[in-house]
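Novice: Sharing coords_9.txt, compact mmCIF, C-alpha atoms:
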# COMPACT_ATOMS: atom_id res chain seq x y z
CA LEU A 1465 17.93 -7.99 6.92
CA ARG A 1466 18.15 -11.76 6.36
CA ALA A 1467 15.30 -11.58 3.84
CA GLY A 1468 17.00 -8.73 1.98
CA LEU A 1469 20.32 -10.56 1.95
CA GLY A 1470 18.65 -13.73 0.67
CA GLU A 1471 16.97 -11.81 -2.14
CA LEU A 1472 20.28 -10.20 -3.11
CA GLN A 1473 22.02 -13.59 -3.17
CA ALA A 1474 19.23 -15.04 -5.30
CA ASP A 1475 19.64 -12.17 -7.77
CA GLN A 1476 23.39 -12.74 -7.89
CA ARG A 1477 22.93 -16.47 -8.53
CA ALA A 1478 20.46 -15.73 -11.32
CA GLY A 1479 22.91 -13.24 -12.83
CA ARG A 1480 25.69 -15.81 -12.69
CA HIS A 1481 23.50 -18.36 -14.48
CA VAL A 1482 22.78 -15.85 -17.26
CA GLN A 1483 26.44 -14.89 -17.57
CA MET A 1484 27.59 -18.50 -17.77
CA LYS A 1485 25.01 -19.14 -20.49
CA MET A 1486 26.60 -16.34 -22.55
CA LEU A 1487 29.95 -18.14 -22.62
CA PRO A 1488 30.83 -20.38 -25.58
CA GLU A 1489 30.62 -24.14 -25.53
CA ARG A 1490 33.45 -25.94 -23.75
CA ASP A 1491 35.65 -28.64 -25.26
CA ILE A 1492 34.65 -27.89 -28.86
CA ASP A 1493 36.31 -28.21 -32.30
CA ILE A 1494 36.15 -25.41 -34.89
CA ASN A 1495 37.97 -25.64 -38.24
CA GLY A 1496 40.45 -28.20 -36.91
CA LEU A 1497 41.13 -26.23 -33.72
CA HIS A 1498 40.22 -27.41 -30.25
CA PHE A 1499 38.85 -24.79 -27.82
CA ASP A 1500 38.35 -25.20 -24.09
CA TYR A 1501 38.29 -22.99 -21.01
CA CYS A 1502 37.80 -22.67 -17.28
CA ILE A 1503 36.45 -19.68 -15.38
CA LYS A 1504 36.31 -19.06 -11.64
CA PRO A 1505 34.65 -15.82 -10.49
CA SER A 1506 35.89 -14.33 -7.21
CA LEU A 1507 32.26 -13.42 -6.45
CA TYR A 1508 29.02 -14.68 -8.00
CA LEU A 1509 29.63 -12.67 -11.18
CA SER A 1510 32.80 -12.30 -13.25
CA GLY A 1511 34.49 -9.47 -15.12
CA ASP A 1512 36.34 -12.00 -17.30
CA PHE A 1513 34.68 -12.85 -20.59
CA PHE A 1514 35.63 -14.49 -23.89
CA GLU A 1515 34.25 -15.89 -27.13
CA TYR A 1516 35.46 -17.94 -30.08
CA PHE A 1517 33.63 -18.51 -33.33
CA ARG A 1518 34.03 -19.47 -36.99
CA LEU A 1519 34.31 -16.65 -39.52
CA ASP A 1520 34.55 -18.77 -42.69
CA GLU A 1521 36.03 -22.05 -43.89
CA HIS A 1522 39.56 -20.81 -43.17
CA LYS A 1523 39.29 -18.33 -40.30
CA VAL A 1524 38.40 -18.54 -36.62
CA ALA A 1525 38.13 -15.49 -34.36
CA PHE A 1526 38.42 -15.22 -30.59
CA TYR A 1527 38.65 -12.50 -27.96
CA PHE A 1528 39.37 -12.39 -24.24
CA ALA A 1529 38.26 -9.48 -22.04
CA ASP A 1530 39.05 -8.61 -18.45
CA VAL A 1531 36.85 -5.81 -17.08
CA ALA A 1532 38.40 -3.69 -14.33
CA GLY A 1533 37.06 -4.75 -10.94
CA HIS A 1534 34.67 -7.62 -10.41
CA GLY A 1535 31.10 -8.21 -9.38
CA ALA A 1536 27.84 -6.95 -10.88
CA SER A 1537 29.12 -3.72 -12.46
CA SER A 1538 31.94 -5.52 -14.29
CA ALA A 1539 29.62 -8.35 -15.34
CA PHE A 1540 27.28 -5.77 -16.88
CA VAL A 1541 30.07 -4.68 -19.23
CA THR A 1542 30.51 -8.28 -20.42
CA VAL A 1543 26.84 -8.21 -21.50
CA LEU A 1544 27.52 -5.06 -23.53
CA LEU A 1545 30.52 -6.76 -25.12
CA LYS A 1546 28.51 -9.86 -26.00
CA ASN A 1547 25.75 -7.76 -27.57
CA LEU A 1548 28.26 -5.74 -29.61
CA CYS A 1549 29.90 -8.89 -30.93
CA ASN A 1550 26.50 -10.30 -31.90
CA ARG A 1551 25.73 -7.11 -33.82
CA LEU A 1552 29.05 -7.29 -35.62
CA LYS A 1553 28.35 -10.93 -36.56
CA ARG A 1554 25.01 -9.89 -38.07
CA ASN A 1555 26.65 -7.00 -39.90
CA LEU A 1556 29.25 -9.35 -41.33
CA ARG A 1557 26.59 -11.76 -42.58
CA ARG A 1558 24.65 -8.86 -44.16
CA GLY A 1559 27.80 -7.36 -45.65
CA SER A 1560 27.23 -4.01 -43.94
CA SER A 1561 30.41 -4.11 -41.81
CA SER A 1562 33.62 -6.13 -41.76
CA ASP A 1563 35.00 -4.89 -38.41
CA LEU A 1564 34.97 -8.45 -37.11
CA LEU A 1565 37.53 -9.48 -39.73
CA HIS A 1566 40.07 -6.94 -38.46
CA PRO A 1567 41.24 -7.17 -34.83
CA ASP A 1568 42.41 -3.54 -34.75
CA ARG A 1569 39.03 -2.29 -35.96
CA PHE A 1570 37.21 -4.55 -33.52
CA MET A 1571 39.23 -3.05 -30.66
CA ALA A 1572 38.49 0.49 -31.81
CA ARG A 1573 34.78 -0.32 -32.05
CA VAL A 1574 34.67 -1.73 -28.51
CA ASN A 1575 36.56 1.31 -27.22
CA THR A 1576 34.08 3.70 -28.84
CA GLU A 1577 31.05 1.78 -27.54
CA LEU A 1578 32.40 1.76 -23.99
CA LEU A 1579 33.09 5.49 -24.05
CA ASP A 1580 29.62 6.17 -25.46
CA THR A 1581 27.94 4.37 -22.57
CA ALA A 1582 29.67 6.71 -20.08
CA ILE A 1583 29.43 4.09 -17.32
CA GLY A 1584 32.97 4.72 -16.13
CA LYS A 1585 34.24 1.18 -16.68
CA HIS A 1586 37.24 0.07 -18.71
CA LEU A 1587 38.71 -3.27 -19.70
CA THR A 1588 41.71 -5.02 -21.16
CA LEU A 1589 41.19 -7.05 -24.33
CA PHE A 1590 42.95 -9.43 -26.68
CA MET A 1591 41.41 -10.26 -30.06
CA GLY A 1592 42.88 -12.69 -32.59
CA ILE A 1593 42.06 -14.31 -35.92
CA ILE A 1594 43.62 -17.63 -36.92
CA ASP A 1595 43.84 -18.17 -40.69
CA ALA A 1596 44.33 -21.83 -41.65
CA GLN A 1597 45.06 -21.04 -45.29
CA GLU A 1598 47.74 -18.41 -44.63
CA ARG A 1599 49.00 -20.10 -41.44
CA THR A 1600 48.87 -16.82 -39.55
CA LEU A 1601 47.65 -15.40 -36.27
CA SER A 1602 46.59 -11.76 -36.62
CA TYR A 1603 45.87 -9.95 -33.38
CA SER A 1604 45.48 -6.67 -31.51
CA LEU A 1605 45.50 -6.02 -27.81
CA GLY A 1606 44.51 -3.43 -25.29
CA ALA A 1607 46.67 -3.68 -22.17
CA HIS A 1608 45.98 -7.41 -21.81
CA PHE A 1609 48.15 -8.96 -19.10
CA PRO A 1610 49.74 -11.44 -18.95
CA MET A 1611 50.33 -11.75 -22.66
CA PRO A 1612 48.96 -14.84 -24.42
CA ILE A 1613 51.37 -17.77 -24.68
CA LEU A 1614 52.16 -19.30 -28.08
CA THR A 1615 53.56 -22.83 -28.06
CA GLN A 1616 54.95 -24.27 -31.28
CA ALA A 1617 57.94 -26.18 -32.66
CA GLY A 1618 59.05 -27.08 -29.14
CA ASP A 1619 59.17 -23.45 -28.03
CA CYS A 1620 56.92 -21.58 -25.62
CA THR A 1621 56.87 -17.76 -25.70
CA TYR A 1622 54.71 -14.77 -24.83
CA LEU A 1623 53.29 -12.96 -27.84
CA GLU A 1624 54.64 -9.47 -28.43
CA GLY A 1625 52.70 -6.23 -28.75
CA LYS A 1626 51.08 -3.39 -26.84
CA GLY A 1627 48.01 -1.21 -26.82
CA PRO A 1628 46.04 0.99 -24.38
CA PRO A 1629 43.09 -0.24 -22.28
CA LEU A 1630 39.62 0.17 -23.73
CA GLY A 1631 37.07 2.64 -22.42
CA LEU A 1632 39.49 5.36 -21.30
CA PHE A 1633 40.85 7.27 -24.30
CA GLU A 1634 38.92 8.60 -27.30
CA THR A 1635 42.07 8.82 -29.41
CA ALA A 1636 43.31 5.30 -28.57
CA ARG A 1637 44.94 3.37 -31.44
CA TYR A 1638 45.35 -0.38 -31.53
CA PRO A 1639 48.17 -1.75 -33.74
CA LEU A 1640 47.65 -4.91 -35.76
CA TYR A 1641 50.22 -7.69 -35.27
CA GLN A 1642 50.73 -10.88 -37.22
CA THR A 1643 52.81 -13.99 -36.60
CA HIS A 1644 53.30 -17.28 -38.42
CA ILE A 1645 51.89 -20.42 -36.78
CA GLU A 1646 53.47 -23.84 -37.14
CA GLN A 1647 51.66 -27.17 -37.38
CA GLY A 1648 50.47 -28.36 -33.97
CA PHE A 1649 50.61 -24.94 -32.30
CA SER A 1650 48.64 -23.95 -29.20
CA ILE A 1651 47.66 -20.64 -27.62
CA THR A 1652 46.96 -20.13 -23.92
CA VAL A 1653 45.20 -16.95 -22.80
CA CYS A 1654 44.51 -16.13 -19.17
CA SER A 1655 43.42 -13.24 -16.99
CA ASP A 1656 45.74 -11.57 -14.50
CA GLY A 1657 43.81 -13.20 -11.66
CA LEU A 1658 45.79 -16.38 -12.36
CA LEU A 1659 48.99 -14.61 -11.32
CA GLU A 1660 47.46 -14.06 -7.88
CA VAL A 1661 47.60 -17.79 -7.13
CA ILE A 1662 51.17 -18.28 -8.39
CA ASN A 1663 53.59 -18.32 -5.47
CA ALA A 1664 56.40 -15.92 -6.41
CA ARG A 1665 57.72 -12.62 -5.08
CA SER A 1666 57.52 -10.42 -8.15
CA ILE A 1667 55.34 -10.05 -11.23
CA ALA A 1668 58.31 -10.96 -13.43
CA GLU A 1669 58.83 -14.20 -11.47
CA LYS A 1670 55.11 -15.01 -11.71
CA GLU A 1671 55.20 -14.52 -15.49
CA ALA A 1672 58.27 -16.74 -15.77
CA LEU A 1673 56.62 -19.47 -13.68
CA LEU A 1674 53.43 -19.27 -15.75
CA LEU A 1675 55.41 -19.68 -18.96
CA GLU A 1676 57.42 -22.58 -17.54
CA THR A 1677 54.25 -24.27 -16.28
CA VAL A 1678 52.61 -24.17 -19.70
CA LYS A 1679 55.83 -25.42 -21.30
CA THR A 1680 56.24 -28.27 -18.80
CA HIS A 1681 52.65 -29.39 -18.19
CA GLY A 1682 51.02 -28.47 -21.48
CA HIS A 1683 48.18 -26.20 -22.49
CA THR A 1684 45.16 -28.36 -21.65
CA ILE A 1685 42.62 -26.92 -19.23
CA ARG A 1686 42.56 -30.14 -17.21
CA GLU A 1687 46.31 -29.98 -16.57
CA LEU A 1688 46.36 -26.23 -15.86
CA GLU A 1689 43.49 -26.51 -13.39
CA LYS A 1690 45.36 -29.31 -11.65
CA VAL A 1691 48.80 -27.73 -11.49
CA PHE A 1692 47.47 -24.37 -10.25
CA GLY A 1693 45.06 -26.03 -7.82
CA LEU A 1694 42.05 -24.20 -9.29
CA ARG A 1695 39.65 -27.04 -8.57
CA TRP A 1696 40.19 -26.71 -4.82
CA ILE A 1697 40.47 -22.95 -4.37
CA SER A 1698 37.29 -21.58 -2.77
CA GLU A 1699 38.26 -17.96 -2.08
CA LEU A 1700 39.89 -15.92 -4.83
CA PRO A 1701 41.27 -12.35 -4.71
CA ASP A 1702 40.30 -11.85 -8.37
CA ASP A 1703 38.44 -13.55 -11.20
CA ILE A 1704 40.41 -16.29 -12.97
CA ALA A 1705 39.82 -17.43 -16.54
CA ILE A 1706 41.92 -19.52 -18.93
CA VAL A 1707 41.24 -20.24 -22.60
CA SER A 1708 43.15 -22.97 -24.47
CA ILE A 1709 43.34 -23.15 -28.28
CA ALA A 1710 45.18 -26.05 -29.92
CA GLU A 1711 45.54 -27.36 -33.44
CA HIS A 1712 44.72 -31.00 -34.07
CA ALA A 1713 47.51 -33.29 -35.20
CA GLU A 1714 46.03 -33.48 -38.71
CA GLY A 1715 46.06 -29.69 -38.97
CA MET A 1716 43.41 -27.06 -39.54
CA VAL A 1717 40.69 -27.45 -42.13
Could you render the structure as structure tokens?

Specialist:
Amino acid sequence: LRAGLGELQADQRAGRHVQMKMLPERDIDINGLHFDYCIKPSLYLSGDFFEYFRLDEHKVAFYFADVAGHGASSAFVTVLLKNLCNRLKRNLRRGSSSDLLHPDRFMARVNTELLDTAIGKHLTLFMGIIDAQERTLSYSLGAHFPMPILTQAGDCTYLEGKGPPLGLFETARYPLYQTHIEQGFSITVCSDGLLEVINARSIAEKEALLLETVKTHGHTIRELEKVFGLRWISELPDDIAIVSIAEHAEGMV
């Protein structure tokens, strides 16, 4: 039994190493935007996954997924998502598909792929494109919660919008939203596991405290890890991930 358990743990550690290698680089600049993140799986493997990457000289894309459940089965879905995104990047370079340039079409593509696998897993997803030339954030979402936080011009608010989860409904539609972004803006995206460590009685109070925390302490991963005590938490009820996107003082390029 001990030998079997040790082998299982070794497999889980190897899987975690592979999954962490799939994540983007931390503390990186793309087109005048600074990207950083933290991720804390509740088990060896995580159902939270995200990417950010340059589309062209003006546009940067990013997405944030939270697969239902956690552990190996949820982590497997993140591999499917990574592979799909890589295919869409190749298609964009070849000019055979432009789904990656349209958040609503990207969401629909992920939904179709998940349903086609018939593995019985679903996820929530937020996908956005920041356009430096137009000064816009275009985005679509599928039941992502809590909503991403946009900080700009001294204000801190949750983005608006709605959409169904992915991997459940063949006829699902994902609206496209767009908002103007001011100089020096930041975006904070997190999984719902973060709400589990916020001490409040109701979901509404947890959301309010999360918004106030970002407004008071800032969007940086270092500060958010500190204020929520993420560096010292050893046992988590759910996966926790946070992605921070911030424009440099000199603006986007």

Novice: Would you work out the distance separating CA of Thr1600 (chain A) from CA of Gln1642 (chain A), expressed in Å to one decimal?

Specialist: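 Straight-line distance from CA of Thr1600 (chain A) to CA of Gln1642 (chain A) works out to 6.6 Å.
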
Novice: If I wrap all listed atoms of region 1595-1610 of chain A in a box with edges along x, y and z and add 4 Å on each side, what are its centre and edge lengths in Å to one decimal, as JSON?

Specialist:
{"center_x": 46.8, "center_y": -12.6, "center_z": -32.1, "size_x": 13.9, "size_y": 26.4, "size_z": 34.3}

Novice: Check the smallest atom-to-atom distance from each of A:Leu1519, A:Leu1658, A:Leu1605, A:Cys1620 to His1681 (chain A) using only C-alpha atoms, then report the winner.

Specialist: A:Cys1620

Novice: Between A:Ala1664, A:Met1591, A:Leu1552, A:Val1678, which is the closest to Pro1567 (chain A) once you count all atoms listed in the file?

Specialist: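 Nearest to Pro1567 (chain A): A:Met1591.
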
Novice: Using only C-alpha atoms for the distances, tell me which of A:Thr1542, A:Arg1599, A:Val1661, A:Arg1518 is nearest to Ile1492 (chain A).

Specialist: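 Of all the options, A:Arg1518 lies closest to Ile1492 (chain A).
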
Novice: Using only C-alpha atoms, which residues of region 1495-1575 of chain A come within 8 Å of region 1646-1657 of chain A, and what is the closest atom pair for each, with the distance in Å to one decimal? Give it as CSV, sorted by chain and residue number.

Specialist:
residue,atom,partner,partner_atom,distance
A:Asp1512,CA,A:Ser1655,CA,7.2
A:Phe1528,CA,A:Val1653,CA,7.5
A:Asp1530,CA,A:Ser1655,CA,6.5

Novice: A:Ala1582, A:Leu1632, A:Ile1594, A:Ala1539: which is nearest Asn1495 (chain A), counting all atoms listed in the file?

Specialist: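 Among the listed residues, the smallest separation from Asn1495 (chain A) belongs to A:Ile1594.
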
Novice: Expressed in Å to a single decimal, how great is the separation between CA of Gly1682 (chain A) and CA of Ala1668 (chain A)?

Specialist: 20.6 Å

Novice: Just the number, please: distance in Å from CA of Glu1687 (chain A) to CA of Pro1505 (chain A), one decimal.

Specialist: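 Straight-line distance from CA of Glu1687 (chain A) to CA of Pro1505 (chain A) works out to 19.3 Å.
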
Novice: Out of A:Ile1613, A:Val1531, A:Phe1514, A:Asp1500, which residue has the shortest atom-to-atom distance to Asp1702 (chain A) when counting all atoms listed in the file?

Specialist: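 Among the listed residues, the smallest separation from Asp1702 (chain A) belongs to A:Val1531.
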
Novice: Please identify all polymer residues within 7 Å of Ser1506 (chain A), counting all atoms listed in the file, omitting same-chain residues fewer than 5 positions from it, and present them as a compact mmCIF listing (two decimals) with C-alpha atoms, in the frame of the given file.

Specialist:
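So the final result, stored in out-v4.txt, reads:
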# COMPACT_ATOMS: atom_id res chain seq x y z
CA GLU A 1699 38.26 -17.96 -2.08
CA LEU A 1700 39.89 -15.92 -4.83
CA PRO A 1701 41.27 -12.35 -4.71
CA ASP A 1702 40.30 -11.85 -8.37
CA ASP A 1703 38.44 -13.55 -11.20

Novice: For Thr1643 (chain A), which residue out of A:Ile1593, A:Leu1487, A:Cys1502, A:Cys1549 is the nearest one, using all atoms listed in the file?

Specialist: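 Nearest to Thr1643 (chain A): A:Ile1593.
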
Novice: Can you list, as a list in words, every protein, DNA or RNA residue that comes within 9 Å of region 1571-1580 of chain A when you count all atoms listed in the file, leaving out same-chain residues fewer than 3 positions away?

Specialist: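 That gives Val1541, Leu1544, Leu1545, Leu1548, Cys1549, Asp1563, His1566, Pro1567, Asp1568, Ile1583, Gly1584, Lys1585, His1586, Leu1589, Phe1590, Met1591, Ser1604, Leu1605, Gly1606, Pro1629, Leu1630, Gly1631, Leu1632, Phe1633, Glu1634, Ala1636, Arg1637 and Tyr1638 of chain A.
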
Novice: Name all residues at most 12 Å from Asp1520 (chain A) (count only C-alpha atoms; drop same-chain ones fewer than 2 positions away) and give them as a PyMOL selection string.

Specialist: chain A and resi 1494-1495+1517-1518+1522-1525+1553+1556-1557+1564-1565+1593-1597+1717
